[in-house]
>>> print(open('work18.cif').read())   # mmCIF, C-alpha atoms
data_coords
loop_
_atom_site.label_atom_id
_atom_site.label_comp_id
_atom_site.auth_asym_id
_atom_site.auth_seq_id
_atom_site.Cartn_x
_atom_site.Cartn_y
_atom_site.Cartn_z
CA MET O 1 16.58 -18.52 22.21
CA THR O 2 13.00 -18.85 23.50
CA ASN O 3 10.28 -20.97 21.94
CA LYS O 4 8.37 -17.90 20.78
CA PRO O 5 7.76 -17.81 16.99
CA ASN O 6 10.27 -15.75 15.01
CA ILE O 7 8.54 -13.02 12.99
CA ALA O 8 10.28 -11.13 10.19
CA ILE O 9 9.25 -7.54 9.53
CA VAL O 10 10.45 -7.05 5.96
CA ALA O 11 11.02 -3.45 4.84
CA GLY O 12 12.99 -1.50 2.25
CA GLY O 13 12.56 -2.53 -1.36
CA ASP O 14 13.77 -1.27 -4.72
CA SER O 15 11.54 1.74 -5.36
CA SER O 16 11.56 5.42 -4.41
CA GLU O 17 9.46 4.45 -1.40
CA PHE O 18 12.39 2.78 0.37
CA VAL O 19 12.65 5.46 3.09
CA VAL O 20 8.92 5.34 3.87
CA SER O 21 9.01 1.54 4.01
CA VAL O 22 11.90 1.59 6.50
CA LYS O 23 9.85 3.93 8.73
CA SER O 24 6.83 1.64 8.42
CA GLY O 25 9.01 -1.34 9.34
CA ALA O 26 10.38 0.42 12.42
CA ASN O 27 6.88 1.30 13.62
CA ILE O 28 5.58 -2.25 13.13
CA PHE O 29 8.65 -3.73 14.81
CA LYS O 30 8.06 -1.48 17.83
CA ALA O 31 4.38 -2.52 18.02
CA VAL O 32 4.84 -6.33 17.88
CA ASP O 33 3.99 -7.99 21.21
CA THR O 34 7.38 -9.35 22.35
CA SER O 35 5.74 -11.40 25.10
CA LYS O 36 4.26 -13.58 22.34
CA PHE O 37 6.70 -13.24 19.40
CA ASN O 38 10.37 -12.66 18.55
CA PRO O 39 10.34 -9.85 15.95
CA TRP O 40 13.33 -9.36 13.63
CA LEU O 41 13.80 -6.44 11.27
CA VAL O 42 14.86 -7.51 7.77
CA GLN O 43 15.83 -4.87 5.22
CA ILE O 44 15.83 -5.69 1.52
CA LYS O 45 17.52 -3.59 -1.14
CA GLY O 46 18.55 -5.23 -4.40
CA LYS O 47 20.50 -8.39 -3.63
CA GLU O 48 21.36 -7.20 -0.12
CA TRP O 49 19.00 -8.81 2.41
CA ILE O 50 20.10 -7.90 5.94
CA VAL O 51 18.90 -8.56 9.48
CA PHE O 52 19.14 -5.55 11.81
CA GLN O 53 19.18 -5.32 15.58
CA ASN O 54 19.40 -1.93 17.35
CA ASN O 55 20.14 -0.30 13.96
CA ASN O 56 23.17 -2.57 13.46
CA LYS O 57 23.52 -5.29 10.86
CA ILE O 58 23.82 -8.66 12.59
CA ALA O 59 23.47 -11.11 9.68
CA ASP O 60 22.76 -11.70 6.01
CA ILE O 61 19.63 -13.58 5.00
CA ASP O 62 20.17 -16.97 3.37
CA LYS O 63 17.85 -16.60 0.36
CA SER O 64 17.62 -20.37 -0.15
CA ASP O 65 15.26 -20.66 2.83
CA PHE O 66 14.98 -17.11 4.25
CA SER O 67 16.93 -17.94 7.41
CA PHE O 68 20.00 -16.46 9.11
CA LEU O 69 22.66 -17.40 11.63
CA PHE O 70 22.76 -15.65 15.00
CA ASN O 71 25.23 -16.59 17.74
CA GLY O 72 25.86 -19.86 15.94
CA GLU O 73 22.16 -20.75 15.80
CA LYS O 74 20.06 -20.97 12.64
CA ILE O 75 16.97 -18.77 12.89
CA ASN O 76 13.95 -19.75 10.78
CA PHE O 77 10.86 -17.58 10.46
CA SER O 78 7.33 -18.71 11.23
CA PHE O 79 5.64 -15.65 9.72
CA ILE O 80 6.57 -12.68 7.52
CA TYR O 81 5.10 -9.19 7.90
CA ILE O 82 5.74 -7.49 4.54
CA THR O 83 5.77 -3.71 4.71
CA ILE O 84 7.58 -2.87 1.47
CA HIS O 85 5.80 -0.16 -0.52
CA GLY O 86 6.53 -0.81 -4.19
CA THR O 87 8.59 -3.61 -5.70
CA PRO O 88 9.29 -6.38 -4.69
CA GLY O 89 6.90 -6.42 -1.73
CA GLU O 90 3.73 -4.89 -3.17
CA ASP O 91 3.72 -6.35 -6.69
CA GLY O 92 3.64 -10.06 -5.87
CA ILE O 93 7.33 -10.91 -6.33
CA LEU O 94 8.13 -11.56 -2.65
CA GLN O 95 4.75 -13.23 -2.20
CA GLY O 96 5.65 -15.80 -4.86
CA TYR O 97 9.01 -16.38 -3.16
CA PHE O 98 7.41 -16.98 0.24
CA ASP O 99 4.78 -19.22 -1.35
CA LEU O 100 7.59 -21.39 -2.73
CA LEU O 101 9.15 -21.56 0.74
CA LYS O 102 5.72 -22.19 2.30
CA ILE O 103 6.17 -19.41 4.86
CA PRO O 104 2.92 -17.55 5.68
CA TYR O 105 2.92 -13.76 5.22
CA SER O 106 0.74 -10.77 6.03
CA THR O 107 -0.32 -9.48 2.62
CA SER O 108 -2.46 -10.40 -0.35
CA ASN O 109 -1.15 -13.32 -2.39
CA MET O 110 0.97 -13.10 -5.54
CA HIS O 111 -1.95 -12.85 -7.98
CA SER O 112 -3.90 -10.26 -5.99
CA SER O 113 -0.76 -8.17 -5.33
CA SER O 114 0.20 -8.22 -8.99
CA LEU O 115 -3.28 -7.15 -10.09
CA THR O 116 -3.69 -4.32 -7.60
CA PHE O 117 -0.17 -2.94 -8.15
CA ASN O 118 -0.83 -2.43 -11.85
CA LYS O 119 -3.29 0.47 -11.76
CA TRP O 120 -4.37 0.03 -15.41
CA PHE O 121 -5.20 -3.65 -15.01
CA CYS O 122 -6.88 -3.09 -11.64
CA ASN O 123 -8.97 -0.14 -12.85
CA ASN O 124 -10.31 -2.00 -15.87
CA TYR O 125 -11.00 -5.11 -13.83
CA LEU O 126 -12.95 -3.19 -11.15
CA ARG O 127 -14.74 -1.04 -13.74
CA SER O 128 -16.28 -4.24 -15.15
CA PHE O 129 -18.02 -4.74 -11.79
CA GLY O 130 -19.50 -1.25 -11.76
CA ILE O 131 -16.97 0.44 -9.47
CA LYS O 132 -17.10 4.13 -10.40
CA MET O 133 -13.84 5.84 -11.43
CA GLY O 134 -12.51 8.49 -13.80
CA ASN O 135 -11.60 7.60 -17.37
CA SER O 136 -7.92 6.89 -18.03
CA LEU O 137 -5.34 6.04 -20.68
CA LEU O 138 -2.11 4.04 -20.45
CA ILE O 139 1.02 5.29 -22.24
CA SER O 140 3.70 2.61 -22.39
CA LYS O 141 7.30 3.72 -21.85
CA GLY O 142 8.90 4.93 -25.08
CA SER O 143 5.67 5.17 -27.07
CA LYS O 144 4.51 8.32 -28.89
CA ILE O 145 2.74 10.93 -26.77
CA ASP O 146 -0.15 12.54 -28.65
CA ALA O 147 -0.96 15.35 -26.22
CA LYS O 148 -3.85 16.78 -28.25
CA LYS O 149 -5.58 13.41 -28.57
CA ILE O 150 -5.19 12.76 -24.83
CA VAL O 151 -6.57 16.17 -23.84
CA ASP O 152 -9.45 15.85 -26.33
CA GLU O 153 -10.40 12.56 -24.68
CA LEU O 154 -9.81 13.31 -21.00
CA GLY O 155 -9.93 17.11 -20.77
CA LEU O 156 -7.88 19.39 -18.49
CA PRO O 157 -6.70 19.38 -15.79
CA LEU O 158 -5.67 15.73 -15.59
CA PHE O 159 -3.40 13.53 -13.50
CA VAL O 160 -0.39 11.62 -14.73
CA LYS O 161 1.00 8.92 -12.46
CA PRO O 162 3.22 5.84 -12.68
CA ASN O 163 1.11 2.82 -13.60
CA ALA O 164 2.95 0.75 -10.97
CA GLY O 165 4.03 2.64 -7.86
CA GLY O 166 2.75 4.57 -4.88
CA SER O 167 3.43 7.17 -2.18
CA SER O 168 2.84 9.91 -4.77
CA PHE O 169 6.24 9.63 -6.44
CA GLY O 170 6.18 10.61 -10.11
CA ILE O 171 2.66 12.08 -10.00
CA SER O 172 1.77 15.36 -11.72
CA LYS O 173 -1.37 17.44 -12.00
CA VAL O 174 -1.35 18.79 -15.54
CA LYS O 175 -3.25 22.02 -16.21
CA ASN O 176 -1.76 22.95 -19.59
CA ILE O 177 -1.32 20.75 -22.65
CA THR O 178 2.31 21.94 -22.93
CA ASP O 179 3.12 20.28 -19.59
CA LEU O 180 1.72 16.86 -20.46
CA GLU O 181 4.78 15.36 -22.13
CA LYS O 182 7.07 16.35 -19.24
CA ALA O 183 4.63 14.76 -16.77
CA VAL O 184 4.58 11.49 -18.73
CA TYR O 185 8.40 11.34 -18.73
CA LYS O 186 8.37 11.97 -14.97
CA ALA O 187 6.00 9.01 -14.47
CA TRP O 188 8.14 6.82 -16.75
CA LYS O 189 11.07 7.28 -14.34
CA GLU O 190 9.09 5.29 -11.75
CA SER O 191 7.31 2.78 -13.98
CA ASN O 192 7.20 1.31 -17.49
CA GLY O 193 3.81 2.89 -18.02
CA ALA O 194 2.23 6.28 -17.36
CA LEU O 195 -1.44 6.32 -16.37
CA VAL O 196 -3.22 9.49 -17.53
CA GLU O 197 -6.42 10.03 -15.57
CA GLN O 198 -9.39 12.32 -15.90
CA PHE O 199 -9.50 14.90 -13.09
CA ILE O 200 -12.48 14.55 -10.76
CA GLU O 201 -12.98 17.53 -8.51
CA GLY O 202 -13.91 16.59 -4.99
CA ASN O 203 -12.59 15.71 -1.55
CA GLU O 204 -10.36 12.70 -0.94
CA PHE O 205 -11.28 9.91 1.47
CA THR O 206 -9.55 6.69 2.38
CA CYS O 207 -10.66 3.55 4.21
CA GLY O 208 -8.55 0.73 5.60
CA LEU O 209 -9.75 -2.78 6.36
CA ILE O 210 -8.70 -6.34 7.02
CA LYS O 211 -10.63 -9.59 6.73
CA TYR O 212 -9.92 -12.96 8.29
CA LYS O 213 -11.67 -16.28 7.79
CA ASP O 214 -14.05 -15.65 10.66
CA THR O 215 -14.17 -11.88 11.11
CA GLU O 216 -13.54 -8.53 9.47
CA LEU O 217 -12.41 -5.11 10.65
CA ILE O 218 -13.47 -2.20 8.46
CA PHE O 219 -11.73 0.86 9.84
CA PRO O 220 -13.21 4.37 10.13
CA VAL O 221 -12.96 6.50 6.98
CA THR O 222 -10.34 9.27 6.91
CA GLU O 223 -10.94 12.64 5.23
CA VAL O 224 -7.92 14.23 3.56
CA GLN O 225 -7.59 17.98 3.10
CA THR O 226 -4.30 19.14 1.60
CA LYS O 227 -2.88 22.63 1.25
CA ASN O 228 -1.04 21.48 -1.90
CA GLU O 229 -2.50 21.00 -5.38
CA PHE O 230 -3.11 17.36 -4.52
CA PHE O 231 -2.12 14.81 -1.88
CA ASP O 232 1.50 14.48 -3.04
CA PHE O 233 4.54 13.08 -1.23
CA GLU O 234 5.12 16.33 0.67
CA ALA O 235 1.48 16.45 1.79
CA LYS O 236 1.67 12.83 2.96
CA TYR O 237 4.83 13.09 5.01
CA THR O 238 5.28 16.73 6.02
CA PRO O 239 3.43 17.74 9.19
CA GLY O 240 0.99 20.61 8.67
CA VAL O 241 0.73 20.32 4.88
CA ALA O 242 -2.41 18.17 5.04
CA ASP O 243 -5.25 17.73 7.51
CA GLU O 244 -6.22 14.12 8.02
CA ILE O 245 -9.49 13.82 9.88
CA THR O 246 -10.44 10.43 11.34
CA PRO O 247 -13.30 9.64 11.49
CA ALA O 248 -14.25 11.64 8.40
CA ARG O 249 -16.90 14.33 8.70
CA LEU O 250 -19.45 12.54 6.54
CA PRO O 251 -23.16 11.84 6.92
CA GLU O 252 -23.66 8.31 8.23
CA ASN O 253 -25.01 7.00 4.91
CA LEU O 254 -21.93 8.21 2.98
CA PHE O 255 -19.55 7.01 5.70
CA LYS O 256 -21.06 3.52 5.46
CA LYS O 257 -21.13 3.68 1.65
CA CYS O 258 -17.37 4.34 1.57
CA GLN O 259 -16.78 1.38 3.90
CA GLN O 260 -19.07 -0.85 1.81
CA ILE O 261 -17.33 -0.01 -1.49
CA SER O 262 -13.93 -0.57 0.18
CA SER O 263 -15.13 -3.98 1.35
CA MET O 264 -16.42 -4.81 -2.13
CA VAL O 265 -13.10 -3.82 -3.74
CA TYR O 266 -11.24 -5.94 -1.16
CA ASP O 267 -13.36 -8.99 -2.04
CA LEU O 268 -13.26 -8.46 -5.82
CA CYS O 269 -9.45 -8.24 -5.74
CA GLN O 270 -9.31 -11.26 -3.38
CA CYS O 271 -7.14 -9.31 -0.93
CA SER O 272 -5.67 -10.47 2.36
CA GLY O 273 -4.08 -8.55 5.21
CA ILE O 274 -4.45 -4.82 5.81
CA VAL O 275 -5.49 -2.91 2.70
CA ARG O 276 -6.37 0.75 2.12
CA VAL O 277 -8.73 2.00 -0.59
CA ASP O 278 -8.65 5.65 -1.75
CA PHE O 279 -11.55 7.63 -3.25
CA ILE O 280 -12.66 11.04 -4.46
CA LEU O 281 -16.16 12.10 -3.37
CA LYS O 282 -18.10 14.12 -5.96
CA ASP O 283 -21.86 14.75 -5.88
CA ASN O 284 -22.30 12.10 -3.16
CA GLU O 285 -20.62 9.44 -5.32
CA PHE O 286 -17.32 7.79 -4.43
CA TYR O 287 -14.90 7.48 -7.35
CA PHE O 288 -12.21 4.85 -6.90
CA LEU O 289 -8.61 6.13 -7.04
CA GLU O 290 -6.48 3.15 -6.05
CA ILE O 291 -5.98 0.27 -3.68
CA ASN O 292 -2.87 -0.13 -1.49
CA THR O 293 -2.11 -3.69 -0.41
CA THR O 294 0.92 -2.71 1.71
CA PRO O 295 -0.21 0.69 2.97
CA GLY O 296 2.03 3.04 4.94
CA MET O 297 2.38 2.04 8.59
CA THR O 298 4.47 4.93 9.92
CA GLU O 299 3.31 6.64 13.10
CA THR O 300 1.53 9.31 11.02
CA SER O 301 0.09 7.00 8.34
CA PHE O 302 -3.65 6.57 7.80
CA ILE O 303 -3.97 2.96 8.99
CA PRO O 304 -2.49 3.50 12.49
CA GLN O 305 -4.73 6.59 12.80
CA GLN O 306 -7.80 4.56 11.83
CA ILE O 307 -6.91 1.70 14.17
CA GLU O 308 -6.55 4.17 17.04
CA ALA O 309 -9.89 5.81 16.16
CA MET O 310 -11.53 2.37 16.51
CA GLY O 311 -10.24 2.17 20.07
CA LEU O 312 -7.77 -0.57 19.15
CA THR O 313 -3.99 -0.62 19.32
CA LEU O 314 -1.60 -1.50 16.52
CA LYS O 315 -0.18 -4.16 18.85
CA ASP O 316 -3.61 -5.85 19.13
CA VAL O 317 -4.19 -5.82 15.38
CA LEU O 318 -0.69 -7.14 14.62
CA THR O 319 -1.15 -9.94 17.17
CA THR O 320 -4.39 -10.99 15.44
CA ILE O 321 -2.73 -10.89 12.00
CA ILE O 322 0.27 -12.95 13.13
CA LYS O 323 -1.83 -15.50 15.06
CA ASN O 324 -4.10 -15.97 12.04
CA GLY O 325 -1.06 -16.36 9.80
CA LEU O 326 0.49 -18.95 12.10
CA THR O 327 -2.65 -21.08 12.16
CA HIS O 328 -3.66 -20.65 8.52
CA GLN O 329 -2.98 -18.28 5.65
CA ILE O 330 -5.16 -15.18 6.01
CA GLN O 331 -8.04 -15.31 3.52
#
>>> encode(input="work18.cif", output="structure tokens")
Amino acid sequence: MTNKPNIAIVAGGDSSEFVVSVKSGANIFKAVDTSKFNPWLVQIKGKEWIVFQNNNKIADIDKSDFSFLFNGEKINFSFIYITIHGTPGEDGILQGYFDLLKIPYSTSNMHSSSLTFNKWFCNNYLRSFGIKMGNSLLISKGSKIDAKKIVDELGLPLFVKPNAGGSSFGISKVKNITDLEKAVYKAWKESNGALVEQFIEGNEFTCGLIKYKDTELIFPVTEVQTKNEFFDFEAKYTPGVADEITPARLPENLFKKCQQISSMVYDLCQCSGIVRVDFILKDNEFYFLEINTTPGMTETSFIPQQIEAMGLTLKDVLTTIIKNGLTHQIQ
């Protein structure tokens, strides 16, 4: 083996987003600069942690120190790029594990990941700092659903989504009170809580960014126009169902405002690594939707689009992330 640092790209996970995560992992693996680093693809699903090479399993991960044996040699990792969407890579669980092992990684730390993954906690935390967003209610799994009370408070239509989850699994747009209960049960399949949110009519925008100790990159804003009722899983991953325009067609003041609020959210949540913040624009005001601390990194995902629109390459950005991680934990 060479003296180049071994980098693990960790994908998979235990949520419905497994397939998307595997695609993100493959795209990141392909973009890592192999003249500087040795990338290895690690897939996690339940208790099965596997190292892949050319789509073939070559080893099991030793969970005691996150190493593996290859051709009789023990391979240790110098840095972990986590690209799991959902548990255990987006909710702080893996981050805590790598903290214990003292291996640097690409994402926000355990506390920040845990906060941002729980939409209810994150919303109420950010609301206290004046971040605008729609009103919402949390319905814990198994509790009574009072549809009339919910509609009286939030109105119709409204959105029901898993409190912890992403990639638009388990989300419903509810137009009739009779459909509310079914939507809550659908969200409960993905999470122990269903977040019921007030509907805000407007266009969707999203902004990615990353900050290091000495510099920051706030990516161009993307405008999302979907042919579906909302930007659901099909709209995200089926070509032609949504138009994603980067940079967004916004007046300069609104474009900068979206970037500034994204930066503020990043700082308030004490994020690290690449993060994406989603908004609805109504009457020239940006309403916060959610923050993604391990955003999609497939070839068609927003972040690679935004990086390209900046005139950068994914390879360049990944090199900066890994180099920063190798010298000190990204702040």
>>> closest_residue(input="work18.cif", among="O:Val160, O:Leu180, O:Ile321, O:Val174", to="Asp146 of chain O", atoms="all atoms listed in the file")
O:Leu180
>>> resolve_selection(input="work18.cif", expression="the PyMOL selection byres ((chain O and resi 79-88) around 6)", output="list in words")
Ile7, Ala8, Ile9, Val10, Ala11, Gly12, Gly13, Asp14, Ser15, Glu17, Ser21, Phe77, Ser78, Gly89, Glu90, Asp91, Ile93, Leu94, Pro104, Tyr105, Ser106, Gly165 and Thr294 of chain O
>>> write_last_selection(input="work18.cif", atoms="C-alpha atoms", output="CSV table (one decimal), in the coordinates of the input")
chain,number,residue,atom,x,y,z
O,7,ILE,CA,8.5,-13.0,13.0
O,8,ALA,CA,10.3,-11.1,10.2
O,9,ILE,CA,9.2,-7.5,9.5
O,10,VAL,CA,10.4,-7.0,6.0
O,11,ALA,CA,11.0,-3.4,4.8
O,12,GLY,CA,13.0,-1.5,2.2
O,13,GLY,CA,12.6,-2.5,-1.4
O,14,ASP,CA,13.8,-1.3,-4.7
O,15,SER,CA,11.5,1.7,-5.4
O,17,GLU,CA,9.5,4.4,-1.4
O,21,SER,CA,9.0,1.5,4.0
O,77,PHE,CA,10.9,-17.6,10.5
O,78,SER,CA,7.3,-18.7,11.2
O,89,GLY,CA,6.9,-6.4,-1.7
O,90,GLU,CA,3.7,-4.9,-3.2
O,91,ASP,CA,3.7,-6.4,-6.7
O,93,ILE,CA,7.3,-10.9,-6.3
O,94,LEU,CA,8.1,-11.6,-2.6
O,104,PRO,CA,2.9,-17.6,5.7
O,105,TYR,CA,2.9,-13.8,5.2
O,106,SER,CA,0.7,-10.8,6.0
O,165,GLY,CA,4.0,2.6,-7.9
O,294,THR,CA,0.9,-2.7,1.7
>>> closest_residue(input="work18.cif", among="O:Thr206, O:Asn284, O:Ser191, O:Gln95", to="Ser112 of chain O", atoms="only C-alpha atoms")
O:Gln95
>>> resolve_selection(input="work18.cif", expression="the PyMOL selection byres ((chain O and resi 64) around 12)", output="list of chain:residue names")
O:Trp49, O:Asp60, O:Ile61, O:Asp62, O:Lys63, O:Asp65, O:Phe66, O:Ser67, O:Phe68, O:Asn76, O:Tyr97, O:Phe98, O:Leu100, O:Leu101
>>> atom_distance(input="work18.cif", atom1="atom CA of Lys323 of chain O", atom2="atom CA of Val277 of chain O")
24.5 Å
>>> closest_atom_pairs(input="work18.cif", of="segment 270-300 of chain O", to="segment 241-257 of chain O", cutoff="10 Å", atoms="only C-alpha atoms", output="Markdown table")
| residue | atom | partner | partner_atom | distance |
| --- | --- | --- | --- | --- |
| O:Leu281 | CA | O:Leu254 | CA | 9.4 |
| O:Asn284 | CA | O:Leu254 | CA | 7.3 |
| O:Glu285 | CA | O:Leu254 | CA | 8.5 |
| O:Phe286 | CA | O:Lys257 | CA | 8.3 |
| O:Thr300 | CA | O:Glu244 | CA | 9.6 |
>>> atom_distance(input="work18.cif", atom1="atom CA of Ser16 of chain O", atom2="atom CA of Asp179 of chain O")
22.9 Å
>>> residues_around(input="work18.cif", residues="Val317 of chain O", least_positions_apart="2", cutoff="10 Å", atoms="all atoms listed in the file", output="PyMOL selection string")
chain O and resi 31-32+210+217+274+304+307+312-315+319-323
>>> closest_residue(input="work18.cif", among="O:Ile75, O:Met310, O:Leu318, O:Cys269", to="Leu126 of chain O", atoms="all atoms listed in the file")
O:Cys269
>>> resolve_selection(input="work18.cif", expression="the PyMOL selection byres ((chain O and resi 115) around 12)", output="PyMOL selection string")
chain O and resi 90-93+108-114+116-126+163-164+268-271+290-293
>>> atom_distance(input="work18.cif", atom1="atom CA of Lys47 of chain O", atom2="atom CA of Gly96 of chain O")
16.6 Å
>>> decode(input="work18.cif", residues="segment 153-165 of chain O", atoms="N, CA and C atoms", output="CSV table (one decimal), in the first residue's frame")
chain,number,residue,atom,x,y,z
O,153,GLU,N,-56.2,24.9,14.1
O,153,GLU,CA,-55.0,25.6,14.4
O,153,GLU,C,-54.2,26.0,13.3
O,154,LEU,N,-54.0,25.0,12.3
O,154,LEU,CA,-53.1,25.2,11.2
O,154,LEU,C,-53.7,25.5,9.9
O,155,GLY,N,-55.0,25.2,9.7
O,155,GLY,CA,-55.7,25.4,8.5
O,155,GLY,C,-55.4,24.3,7.5
O,156,LEU,N,-56.0,24.4,6.3
O,156,LEU,CA,-55.8,23.5,5.2
O,156,LEU,C,-55.4,24.3,3.9
O,157,PRO,N,-54.6,23.7,3.0
O,157,PRO,CA,-53.9,22.4,3.1
O,157,PRO,C,-52.8,22.5,4.2
O,158,LEU,N,-52.3,21.4,4.5
O,158,LEU,CA,-51.1,21.3,5.4
O,158,LEU,C,-50.2,20.2,5.0
O,159,PHE,N,-49.0,20.2,5.6
O,159,PHE,CA,-48.1,19.1,5.3
O,159,PHE,C,-47.9,18.2,6.5
O,160,VAL,N,-47.8,17.0,6.3
O,160,VAL,CA,-47.4,16.0,7.3
O,160,VAL,C,-46.2,15.3,6.9
O,161,LYS,N,-45.2,15.3,7.8
O,161,LYS,CA,-43.9,14.7,7.5
O,161,LYS,C,-43.3,14.0,8.7
O,162,PRO,N,-42.4,13.0,8.5
O,162,PRO,CA,-41.8,12.4,9.6
O,162,PRO,C,-40.9,13.4,10.3
O,163,ASN,N,-41.0,13.4,11.7
O,163,ASN,CA,-40.2,14.4,12.4
O,163,ASN,C,-38.7,14.2,12.2
O,164,ALA,N,-38.3,12.9,12.1
O,164,ALA,CA,-36.9,12.6,11.8
O,164,ALA,C,-36.8,11.8,10.5
O,165,GLY,N,-36.2,12.4,9.5
O,165,GLY,CA,-36.1,11.7,8.2
O,165,GLY,C,-35.9,12.7,7.1
